[in-house]
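Student: Contents are mmCIF, C-alpha atoms; file name final-v9.cif:
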data_target
#
loop_
_atom_site.label_atom_id
_atom_site.label_comp_id
_atom_site.auth_asym_id
_atom_site.auth_seq_id
_atom_site.Cartn_x
_atom_site.Cartn_y
_atom_site.Cartn_z
CA MET A 7 21.34 -70.70 -96.21
CA ARG A 8 20.55 -66.99 -96.28
CA SER A 9 20.33 -65.39 -99.74
CA TRP A 10 22.64 -62.56 -100.82
CA ARG A 11 19.93 -61.06 -103.04
CA PRO A 12 18.66 -58.55 -100.41
CA PHE A 13 22.20 -57.18 -100.11
CA HIS A 14 22.36 -56.50 -103.84
CA TRP A 15 19.31 -54.26 -103.57
CA LEU A 16 20.56 -52.75 -100.33
CA ILE A 17 23.82 -51.72 -101.97
CA LEU A 18 22.04 -50.36 -105.05
CA TYR A 19 19.71 -48.35 -102.84
CA SER A 20 22.63 -46.96 -100.80
CA VAL A 21 24.50 -45.88 -103.94
CA ALA A 22 21.38 -44.12 -105.27
CA MET A 23 20.64 -42.53 -101.90
CA ALA A 24 24.20 -41.24 -101.78
CA TYR A 25 23.63 -39.49 -105.12
CA VAL A 26 20.53 -37.77 -103.75
CA GLU A 27 22.48 -36.62 -100.68
CA SER A 28 25.41 -35.34 -102.72
CA ALA A 29 23.05 -33.51 -105.10
CA VAL A 30 21.54 -31.62 -102.15
CA VAL A 31 25.04 -30.65 -101.00
CA VAL A 32 25.86 -29.43 -104.52
CA TYR A 33 22.89 -27.06 -104.33
CA LEU A 34 23.81 -25.84 -100.84
CA ARG A 35 27.40 -25.16 -101.81
CA ALA A 36 26.29 -23.26 -104.89
CA ILE A 37 24.30 -20.99 -102.56
CA TYR A 38 26.63 -20.64 -99.57
CA TYR A 39 30.05 -21.37 -101.08
CA PRO A 40 30.04 -20.04 -104.67
CA HIS A 41 33.84 -19.84 -104.60
CA GLY A 42 34.36 -23.31 -103.13
CA PHE A 43 33.73 -25.01 -99.80
CA ALA A 44 36.24 -24.21 -97.05
CA PHE A 45 36.61 -23.50 -93.35
CA PRO A 46 35.69 -21.23 -91.61
CA LEU A 47 32.13 -22.06 -92.53
CA ALA A 48 29.67 -19.57 -93.90
CA PRO A 49 26.80 -18.82 -91.49
CA MET A 50 23.49 -20.48 -92.32
CA GLU A 51 20.02 -19.40 -91.31
CA GLY A 52 18.55 -21.26 -88.35
CA HIS A 53 15.67 -22.75 -90.32
CA ILE A 54 18.07 -24.06 -92.97
CA VAL A 55 20.17 -25.74 -90.28
CA ALA A 56 17.00 -27.28 -88.84
CA ILE A 57 16.03 -28.59 -92.28
CA GLU A 58 19.50 -30.10 -92.70
CA ILE A 59 19.26 -31.85 -89.34
CA GLY A 60 15.87 -33.22 -90.36
CA ARG A 61 17.28 -34.41 -93.68
CA GLU A 62 20.06 -36.29 -91.93
CA ALA A 63 17.61 -37.89 -89.52
CA ALA A 64 15.38 -38.90 -92.44
CA THR A 65 18.37 -40.45 -94.21
CA LEU A 66 19.12 -42.62 -91.18
CA VAL A 67 15.48 -43.71 -91.02
CA MET A 68 15.53 -44.66 -94.71
CA LEU A 69 18.74 -46.67 -94.34
CA LEU A 70 17.31 -48.37 -91.25
CA GLY A 71 14.07 -49.16 -93.07
CA VAL A 72 15.87 -50.86 -95.95
CA ALA A 73 18.05 -52.79 -93.49
CA MET A 74 14.92 -54.01 -91.68
CA LEU A 75 13.63 -55.39 -94.98
CA ALA A 76 16.97 -56.96 -95.93
CA GLY A 77 17.36 -59.02 -92.76
CA THR A 78 15.14 -61.51 -90.98
CA THR A 79 16.83 -61.37 -87.55
CA ARG A 80 18.14 -58.54 -85.38
CA TRP A 81 21.69 -59.59 -86.15
CA ALA A 82 21.11 -59.70 -89.92
CA ARG A 83 19.36 -56.32 -89.85
CA PHE A 84 22.22 -54.81 -87.86
CA LEU A 85 24.75 -56.11 -90.40
CA ALA A 86 22.58 -54.84 -93.27
CA PHE A 87 22.44 -51.40 -91.70
CA CYS A 88 26.24 -51.34 -91.27
CA VAL A 89 26.78 -52.27 -94.91
CA GLY A 90 24.14 -49.85 -96.18
CA PHE A 91 25.49 -46.98 -94.09
CA GLY A 92 29.06 -47.67 -95.18
CA VAL A 93 28.19 -47.87 -98.88
CA TRP A 94 26.07 -44.73 -98.64
CA ASP A 95 28.85 -42.74 -96.96
CA LEU A 96 31.54 -43.92 -99.39
CA PHE A 97 29.47 -43.14 -102.46
CA TYR A 98 28.43 -39.79 -101.02
CA TYR A 99 32.05 -38.68 -101.38
CA ILE A 100 32.46 -40.48 -104.69
CA TRP A 101 29.47 -38.64 -106.13
CA LEU A 102 30.72 -35.30 -104.73
CA TRP A 103 34.04 -35.90 -106.46
CA VAL A 104 32.24 -36.76 -109.72
CA LEU A 105 29.92 -33.73 -109.54
CA LEU A 106 32.23 -31.11 -108.01
CA GLY A 107 35.75 -32.52 -108.11
CA TRP A 108 35.62 -32.38 -104.30
CA PRO A 109 37.33 -33.32 -102.06
CA PRO A 110 40.70 -32.54 -103.66
CA SER A 111 42.35 -34.73 -101.02
CA LEU A 112 41.28 -37.32 -98.47
CA LEU A 113 42.79 -35.02 -95.84
CA THR A 114 40.35 -32.23 -96.76
CA TRP A 115 38.13 -31.27 -93.82
CA ASP A 116 34.37 -31.61 -93.94
CA VAL A 117 31.32 -31.31 -91.73
CA LEU A 118 30.41 -34.97 -91.41
CA PHE A 119 27.14 -34.89 -89.49
CA LEU A 120 25.00 -32.53 -87.42
CA ILE A 121 23.33 -34.81 -84.84
CA PRO A 122 23.49 -34.16 -81.89
CA VAL A 123 26.27 -31.61 -82.55
CA PRO A 124 28.34 -30.98 -85.68
CA TRP A 125 30.92 -33.66 -86.44
CA ILE A 126 34.06 -32.45 -88.19
CA GLY A 127 37.18 -34.12 -89.50
CA PRO A 128 39.19 -34.96 -92.61
CA VAL A 129 37.35 -37.00 -95.22
CA LEU A 130 39.79 -39.88 -94.70
CA ALA A 131 38.38 -40.59 -91.22
CA PRO A 132 34.77 -41.39 -92.22
CA VAL A 133 36.07 -43.22 -95.29
CA ILE A 134 38.06 -45.55 -93.02
CA ILE A 135 35.02 -46.17 -90.83
CA SER A 136 32.79 -46.82 -93.84
CA ILE A 137 35.22 -49.29 -95.39
CA LEU A 138 35.41 -51.19 -92.09
CA LEU A 139 31.61 -51.22 -91.81
CA VAL A 140 31.21 -52.64 -95.30
CA ILE A 141 33.96 -55.26 -94.99
CA GLY A 142 32.97 -56.28 -91.46
CA GLY A 143 29.26 -56.41 -92.32
CA LEU A 144 29.80 -58.55 -95.42
CA VAL A 145 32.21 -60.94 -93.70
CA LEU A 146 29.89 -61.47 -90.75
CA TRP A 147 26.85 -61.81 -93.04
CA ARG A 148 28.71 -64.53 -94.94
CA ARG A 149 29.48 -66.36 -91.69
CA ASP A 150 25.87 -66.11 -90.64
CA ALA A 151 24.69 -67.33 -94.05
CA ARG A 152 26.86 -70.42 -93.58
CA GLY A 153 25.28 -71.07 -90.22
CA GLU A 154 28.45 -70.27 -88.27
CA SER A 155 27.74 -68.95 -84.79
CA PHE A 156 29.10 -65.61 -83.64
CA HIS A 157 29.54 -65.33 -79.88
CA PHE A 158 29.92 -61.70 -78.78
CA PRO A 159 30.39 -61.75 -74.98
CA VAL A 160 29.80 -58.71 -72.80
CA PRO A 161 33.50 -57.80 -72.28
CA LEU A 162 34.02 -57.61 -76.05
CA ARG A 163 30.82 -55.62 -76.49
CA LEU A 164 32.10 -53.12 -73.93
CA LEU A 165 35.40 -52.95 -75.80
CA LEU A 166 33.51 -52.22 -79.02
CA ILE A 167 31.41 -49.52 -77.33
CA ALA A 168 34.56 -47.92 -75.89
CA GLY A 169 36.08 -47.82 -79.36
CA MET A 170 32.94 -46.27 -80.82
CA LEU A 171 32.88 -43.57 -78.15
CA LEU A 172 36.51 -42.66 -78.82
CA VAL A 173 35.83 -42.36 -82.55
CA LEU A 174 32.77 -40.19 -81.90
CA ALA A 175 34.79 -38.02 -79.50
CA SER A 176 37.43 -37.44 -82.19
CA PHE A 177 34.68 -36.07 -84.45
CA MET A 178 32.67 -34.06 -81.92
CA LEU A 179 35.04 -32.56 -79.34
CA ASP A 180 35.83 -29.55 -81.51
CA PHE A 181 32.31 -28.93 -82.79
CA ARG A 182 32.24 -25.33 -81.57
CA ILE A 183 34.48 -24.17 -84.40
CA VAL A 184 31.49 -24.72 -86.70
CA THR A 185 29.21 -22.37 -84.79
CA GLN A 186 32.00 -19.86 -84.16
CA GLN A 187 33.21 -19.82 -87.79
CA GLN A 188 36.80 -20.77 -86.92
CA GLU A 189 39.52 -22.78 -88.64
CA PRO A 190 39.63 -26.43 -87.49
CA PRO A 191 42.41 -27.51 -85.11
CA PRO A 192 44.56 -30.57 -85.87
CA PHE A 193 42.41 -33.67 -86.05
CA ARG A 194 42.51 -35.95 -83.00
CA TRP A 195 44.06 -38.88 -84.81
CA GLY A 196 45.19 -40.44 -81.52
CA LEU A 197 41.63 -40.78 -80.27
CA PHE A 198 40.38 -41.90 -83.65
CA CYS A 199 43.01 -44.58 -84.24
CA THR A 200 42.69 -45.91 -80.70
CA GLY A 201 38.93 -46.18 -81.10
CA VAL A 202 39.23 -47.93 -84.45
CA ALA A 203 41.82 -50.35 -83.03
CA LEU A 204 39.58 -51.23 -80.07
CA GLY A 205 36.56 -51.77 -82.30
CA VAL A 206 38.41 -53.95 -84.80
CA ALA A 207 40.09 -55.92 -82.00
CA SER A 208 36.75 -56.65 -80.31
CA LEU A 209 35.25 -58.01 -83.54
CA VAL A 210 38.33 -60.02 -84.49
CA LEU A 211 38.48 -61.60 -81.03
CA ALA A 212 34.77 -62.41 -81.15
CA ALA A 213 35.05 -63.89 -84.65
CA SER A 214 38.00 -66.04 -83.64
CA ARG A 215 36.18 -67.66 -80.73
CA ARG A 216 35.10 -71.28 -81.06
CA ALA A 217 31.56 -71.71 -82.37
CA GLY A 218 28.95 -71.83 -79.64
CA THR A 219 25.30 -72.67 -79.40
CA PRO A 220 22.65 -70.97 -81.58
CA ALA A 221 21.71 -68.80 -78.60
CA ASP A 222 25.21 -67.34 -78.67
CA ARG A 223 24.50 -65.67 -81.96
CA ARG A 224 22.49 -62.95 -80.35
CA THR A 225 24.18 -59.55 -80.21
CA GLY A 226 21.84 -57.53 -78.09
#
So that I can check it, write out the structure of this file as structure tokens.

Tutor:
Amino acid sequence: MRSWRPFHWLILYSVAMAYVESAVVVYLRAIYYPHGFAFPLAPMEGHIVAIEIGREAATLVMLLGVAMLAGTTRWARFLAFCVGFGVWDLFYYIWLWVLLGWPPSLLTWDVLFLIPVPWIGPVLAPVIISILLVIGGLVLWRRDARGESFHFPVPLRLLLIAGMLLVLASFMLDFRIVTQQQEPPPFRWGLFCTGVALGVASLVLAASRRAGTPADRRTG
């Protein structure tokens, strides 16, 4: 049976990494938003934007590296990455609230990511995704630790991918307001909720299928 010990360290690492990320944002906001962060966004120098993009890419590499150490199979590493990413994102906002008292509300807008274009949306949206990543990753890790097979057929994979694309579209379709220093439009909750529903449905349907052969446990 697979040990839970790697996940303990993975979660601890993600919480600590989230503090580092939030500390960097505290410094940036002190420089560019001395009166408080809000849209429209203050312009940033090109080299600073490039550094920020590099920092985000480096964060993903670090989370991936820890996930690779936590798991012994592709499936276990994928689940570890999902849990690590979710914990990191949740605690990023927790630490911001501790350090800055921000966000004042889960409906407060934020720039969520910069790769390949800026992602924008209310804080509640990434929080929902992160909670689902953590819960789903832990549940599926537990099943795998018990030796229960997880058959994820192609149609359900396509359903999951479709859901992911809809969620990403809800974050990225209005990215130009960042570069044009405009107020954000209403968030595309319809796209977001549909994408989340498709993703959750694909995983629930896959998890509810009758156990198959060990070969069925592959996910990609």

Student: I'd like to see the residues matched by the PyMOL selection byres ((chain A and resi 45-49) around 10) on this file, and ideally I'd get them as a list of chain:residue names.

Tutor: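 Applying the expression gives A:Arg35, A:Tyr38, A:Tyr39, A:Phe43, A:Ala44, A:Met50, A:Glu51, A:Gly52, A:Val55, A:Trp115, A:Asp116, A:Val117, A:Ile183, A:Val184, A:Thr185, A:Gln186, A:Gln187, A:Gln188, A:Glu189, A:Pro190.
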
Student: Enter the distance from atom CA of Ile54 of chain A to atom CA of Phe87 of chain A, in Å, rounded to one decimal.

Tutor: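 Interatomic distance here is 27.7 Å.
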
Student: Where does the PyMOL selection byres ((chain A and resi 163) around 12) land in this file, that is, which residues does it pick, as a PyMOL selection string?

Tutor: chain A and resi 157-162+164-170+204-212+224-226

Student: With distances taken over all atoms listed in the file, which of A:Ala24, A:Ile57, A:Leu18, A:Ala63 is nearest to Phe119 of chain A?

Tutor: A:Ala63

Student: If the PyMOL selection byres ((chain A and resi 30) around 12) is run on the structure shown, which residues does it catch, given as a VMD selection string?

Tutor: chain A and resid 23 to 29 31 to 37 57 to 58 61 to 62 98 101 to 102 105

Student: When distances are computed from all atoms listed in the file, which of A:Leu174, A:Ala131, A:Val89, A:Leu118 shows the smallest separation from Gly77 of chain A?

Tutor: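 Smallest distance to Gly77 of chain A is found for A:Val89.
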
Student: Pick out the closest residue to Cys88 of chain A from this set: A:Ala175, A:Leu70, A:Ala64, A:Leu75. Count all atoms listed in the file.

Tutor: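 Comparing A:Ala175, A:Leu70, A:Ala64, A:Leu75 against Cys88 of chain A, the winner is A:Leu70.
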
Student: For atom CA of Arg11 of chain A and atom CA of Leu144 of chain A, quote the distance in Å rounded to one decimal.

Tutor: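 The value is 12.7 Å.
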
Student: With a distance cut-off of 10 Å and all atoms listed in the file, select the neighbouring residues of segment 12-15 of chain A, excluding the residue or stretch itself and same-chain residues fewer than 2 positions from it, and output the selection as a list of chain:residue names.

Tutor: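 Residues meeting the cut-off are A:Arg8, A:Ser9, A:Trp10, A:Ile17, A:Leu18, A:Tyr19, A:Ser20, A:Val21, A:Val72, A:Ala73, A:Leu75, A:Ala76, A:Gly77, A:Ala86, A:Val89, A:Gly90, A:Leu144, A:Trp147.
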
Student: Could you work out how far atom CA of Asp180 of chain A lies from atom CA of Leu139 of chain A, giving the answer in Å with one decimal?

Tutor: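 Between these atoms lies a distance of 24.4 Å.
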
Student: For a cutoff of 6 Å around the file-coordinate point (31.2, -28.1, -85.5), which residues qualify once you count only C-alpha atoms? I'd like the result as a PyMOL selection string.

Tutor: chain A and resi 124-126+181-184

Student: Selected residues, C-alpha atoms, written as a short mmCIF file (atom, residue, chain, number, x, y, z; two decimals), in the frame of the given file, please.

Tutor:
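Okay, selection-v6.cif is ready:
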data_model
loop_
_atom_site.label_atom_id
_atom_site.label_comp_id
_atom_site.auth_asym_id
_atom_site.auth_seq_id
_atom_site.Cartn_x
_atom_site.Cartn_y
_atom_site.Cartn_z
CA PRO A 124 28.34 -30.98 -85.68
CA TRP A 125 30.92 -33.66 -86.44
CA ILE A 126 34.06 -32.45 -88.19
CA PHE A 181 32.31 -28.93 -82.79
CA ARG A 182 32.24 -25.33 -81.57
CA ILE A 183 34.48 -24.17 -84.40
CA VAL A 184 31.49 -24.72 -86.70
#

Student: So, counting only C-alpha atoms, which residue among A:Val202, A:Glu154, A:Pro110, A:Met68 is closest to Arg215 of chain A?

Tutor: A:Glu154

Student: Which is closest to Gly143 of chain A among A:Leu16, A:Ala213, A:Leu66, A:Leu85, if we use only C-alpha atoms?

Tutor: A:Leu85

Student: Given all atoms listed in the file as the basis, pick out the residue of A:Met178, A:Asp150, A:Phe193, A:Leu138 nearest to Thr78 of chain A.

Tutor: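 With all atoms listed in the file as the atom set, the closest residue is A:Asp150.
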
Student: How would segment 154-190 of chain A look with N, CA and C atoms restored, written as a PDB file, in the coordinates of the input?

Tutor:
ATOM      1  N   GLU A 154      27.402 -70.324 -89.286  1.00  0.00           N
ATOM      2  CA  GLU A 154      28.450 -70.270 -88.270  1.00  0.00           C
ATOM      3  C   GLU A 154      28.042 -69.322 -87.156  1.00  0.00           C
ATOM      4  N   SER A 155      28.151 -69.765 -85.931  1.00  0.00           N
ATOM      5  CA  SER A 155      27.740 -68.950 -84.790  1.00  0.00           C
ATOM      6  C   SER A 155      28.749 -67.834 -84.541  1.00  0.00           C
ATOM      7  N   PHE A 156      28.254 -66.760 -83.947  1.00  0.00           N
ATOM      8  CA  PHE A 156      29.100 -65.610 -83.640  1.00  0.00           C
ATOM      9  C   PHE A 156      28.818 -65.225 -82.191  1.00  0.00           C
ATOM     10  N   HIS A 157      29.722 -65.600 -81.303  1.00  0.00           N
ATOM     11  CA  HIS A 157      29.540 -65.330 -79.880  1.00  0.00           C
ATOM     12  C   HIS A 157      30.221 -64.004 -79.540  1.00  0.00           C
ATOM     13  N   PHE A 158      29.407 -63.048 -79.062  1.00  0.00           N
ATOM     14  CA  PHE A 158      29.920 -61.700 -78.780  1.00  0.00           C
ATOM     15  C   PHE A 158      29.698 -61.422 -77.291  1.00  0.00           C
ATOM     16  N   PRO A 159      30.595 -61.881 -76.421  1.00  0.00           N
ATOM     17  CA  PRO A 159      30.390 -61.750 -74.980  1.00  0.00           C
ATOM     18  C   PRO A 159      30.431 -60.296 -74.523  1.00  0.00           C
ATOM     19  N   VAL A 160      29.906 -60.067 -73.335  1.00  0.00           N
ATOM     20  CA  VAL A 160      29.800 -58.710 -72.800  1.00  0.00           C
ATOM     21  C   VAL A 160      31.124 -57.966 -72.762  1.00  0.00           C
ATOM     22  N   PRO A 161      32.236 -58.551 -72.308  1.00  0.00           N
ATOM     23  CA  PRO A 161      33.500 -57.800 -72.280  1.00  0.00           C
ATOM     24  C   PRO A 161      33.902 -57.267 -73.659  1.00  0.00           C
ATOM     25  N   LEU A 162      33.674 -58.072 -74.701  1.00  0.00           N
ATOM     26  CA  LEU A 162      34.020 -57.610 -76.050  1.00  0.00           C
ATOM     27  C   LEU A 162      33.027 -56.566 -76.552  1.00  0.00           C
ATOM     28  N   ARG A 163      31.782 -56.669 -76.138  1.00  0.00           N
ATOM     29  CA  ARG A 163      30.820 -55.620 -76.490  1.00  0.00           C
ATOM     30  C   ARG A 163      31.230 -54.281 -75.869  1.00  0.00           C
ATOM     31  N   LEU A 164      31.660 -54.340 -74.601  1.00  0.00           N
ATOM     32  CA  LEU A 164      32.100 -53.120 -73.930  1.00  0.00           C
ATOM     33  C   LEU A 164      33.333 -52.540 -74.609  1.00  0.00           C
ATOM     34  N   LEU A 165      34.220 -53.418 -75.078  1.00  0.00           N
ATOM     35  CA  LEU A 165      35.400 -52.950 -75.800  1.00  0.00           C
ATOM     36  C   LEU A 165      34.993 -52.256 -77.101  1.00  0.00           C
ATOM     37  N   LEU A 166      34.009 -52.829 -77.795  1.00  0.00           N
ATOM     38  CA  LEU A 166      33.510 -52.220 -79.020  1.00  0.00           C
ATOM     39  C   LEU A 166      32.874 -50.866 -78.742  1.00  0.00           C
ATOM     40  N   ILE A 167      32.067 -50.789 -77.689  1.00  0.00           N
ATOM     41  CA  ILE A 167      31.410 -49.520 -77.330  1.00  0.00           C
ATOM     42  C   ILE A 167      32.449 -48.469 -76.976  1.00  0.00           C
ATOM     43  N   ALA A 168      33.495 -48.865 -76.242  1.00  0.00           N
ATOM     44  CA  ALA A 168      34.560 -47.920 -75.890  1.00  0.00           C
ATOM     45  C   ALA A 168      35.227 -47.383 -77.151  1.00  0.00           C
ATOM     46  N   GLY A 169      35.473 -48.265 -78.106  1.00  0.00           N
ATOM     47  CA  GLY A 169      36.080 -47.820 -79.360  1.00  0.00           C
ATOM     48  C   GLY A 169      35.186 -46.851 -80.114  1.00  0.00           C
ATOM     49  N   MET A 170      33.886 -47.161 -80.143  1.00  0.00           N
ATOM     50  CA  MET A 170      32.940 -46.270 -80.820  1.00  0.00           C
ATOM     51  C   MET A 170      32.902 -44.894 -80.171  1.00  0.00           C
ATOM     52  N   LEU A 171      32.921 -44.861 -78.859  1.00  0.00           N
ATOM     53  CA  LEU A 171      32.880 -43.570 -78.150  1.00  0.00           C
ATOM     54  C   LEU A 171      34.123 -42.742 -78.427  1.00  0.00           C
ATOM     55  N   LEU A 172      35.276 -43.391 -78.514  1.00  0.00           N
ATOM     56  CA  LEU A 172      36.510 -42.660 -78.820  1.00  0.00           C
ATOM     57  C   LEU A 172      36.463 -42.076 -80.232  1.00  0.00           C
ATOM     58  N   VAL A 173      35.958 -42.861 -81.180  1.00  0.00           N
ATOM     59  CA  VAL A 173      35.830 -42.360 -82.550  1.00  0.00           C
ATOM     60  C   VAL A 173      34.874 -41.175 -82.594  1.00  0.00           C
ATOM     61  N   LEU A 174      33.729 -41.308 -81.925  1.00  0.00           N
ATOM     62  CA  LEU A 174      32.770 -40.190 -81.900  1.00  0.00           C
ATOM     63  C   LEU A 174      33.372 -38.961 -81.243  1.00  0.00           C
ATOM     64  N   ALA A 175      34.149 -39.152 -80.176  1.00  0.00           N
ATOM     65  CA  ALA A 175      34.790 -38.020 -79.500  1.00  0.00           C
ATOM     66  C   ALA A 175      35.751 -37.312 -80.446  1.00  0.00           C
ATOM     67  N   SER A 176      36.480 -38.069 -81.262  1.00  0.00           N
ATOM     68  CA  SER A 176      37.430 -37.440 -82.190  1.00  0.00           C
ATOM     69  C   SER A 176      36.712 -36.548 -83.194  1.00  0.00           C
ATOM     70  N   PHE A 177      35.456 -36.875 -83.510  1.00  0.00           N
ATOM     71  CA  PHE A 177      34.680 -36.070 -84.450  1.00  0.00           C
ATOM     72  C   PHE A 177      33.987 -34.881 -83.786  1.00  0.00           C
ATOM     73  N   MET A 178      33.583 -35.033 -82.522  1.00  0.00           N
ATOM     74  CA  MET A 178      32.670 -34.060 -81.920  1.00  0.00           C
ATOM     75  C   MET A 178      33.293 -33.111 -80.908  1.00  0.00           C
ATOM     76  N   LEU A 179      34.476 -33.397 -80.400  1.00  0.00           N
ATOM     77  CA  LEU A 179      35.040 -32.560 -79.340  1.00  0.00           C
ATOM     78  C   LEU A 179      35.269 -31.117 -79.767  1.00  0.00           C
ATOM     79  N   ASP A 180      35.545 -30.901 -81.030  1.00  0.00           N
ATOM     80  CA  ASP A 180      35.830 -29.550 -81.510  1.00  0.00           C
ATOM     81  C   ASP A 180      34.678 -28.960 -82.316  1.00  0.00           C
ATOM     82  N   PHE A 181      33.458 -29.355 -81.987  1.00  0.00           N
ATOM     83  CA  PHE A 181      32.310 -28.930 -82.790  1.00  0.00           C
ATOM     84  C   PHE A 181      32.068 -27.432 -82.755  1.00  0.00           C
ATOM     85  N   ARG A 182      32.542 -26.758 -81.704  1.00  0.00           N
ATOM     86  CA  ARG A 182      32.240 -25.330 -81.570  1.00  0.00           C
ATOM     87  C   ARG A 182      32.865 -24.476 -82.667  1.00  0.00           C
ATOM     88  N   ILE A 183      33.879 -24.981 -83.332  1.00  0.00           N
ATOM     89  CA  ILE A 183      34.480 -24.170 -84.400  1.00  0.00           C
ATOM     90  C   ILE A 183      33.487 -23.956 -85.540  1.00  0.00           C
ATOM     91  N   VAL A 184      32.497 -24.864 -85.649  1.00  0.00           N
ATOM     92  CA  VAL A 184      31.490 -24.720 -86.700  1.00  0.00           C
ATOM     93  C   VAL A 184      30.605 -23.525 -86.392  1.00  0.00           C
ATOM     94  N   THR A 185      30.118 -23.457 -85.159  1.00  0.00           N
ATOM     95  CA  THR A 185      29.210 -22.370 -84.790  1.00  0.00           C
ATOM     96  C   THR A 185      29.940 -21.039 -84.630  1.00  0.00           C
ATOM     97  N   GLN A 186      31.232 -21.088 -84.370  1.00  0.00           N
ATOM     98  CA  GLN A 186      32.000 -19.860 -84.160  1.00  0.00           C
ATOM     99  C   GLN A 186      32.782 -19.443 -85.403  1.00  0.00           C
ATOM    100  N   GLN A 187      32.558 -20.137 -86.525  1.00  0.00           N
ATOM    101  CA  GLN A 187      33.210 -19.820 -87.790  1.00  0.00           C
ATOM    102  C   GLN A 187      34.743 -19.699 -87.632  1.00  0.00           C
ATOM    103  N   GLN A 188      35.356 -20.747 -87.118  1.00  0.00           N
ATOM    104  CA  GLN A 188      36.800 -20.770 -86.920  1.00  0.00           C
ATOM    105  C   GLN A 188      37.438 -21.848 -87.806  1.00  0.00           C
ATOM    106  N   GLU A 189      38.772 -21.746 -87.940  1.00  0.00           N
ATOM    107  CA  GLU A 189      39.520 -22.780 -88.640  1.00  0.00           C
ATOM    108  C   GLU A 189      39.615 -24.015 -87.745  1.00  0.00           C
ATOM    109  N   PRO A 190      39.555 -25.211 -88.315  1.00  0.00           N
ATOM    110  CA  PRO A 190      39.630 -26.430 -87.490  1.00  0.00           C
ATOM    111  C   PRO A 190      41.029 -26.637 -86.918  1.00  0.00           C
TER     112      PRO A 190
END
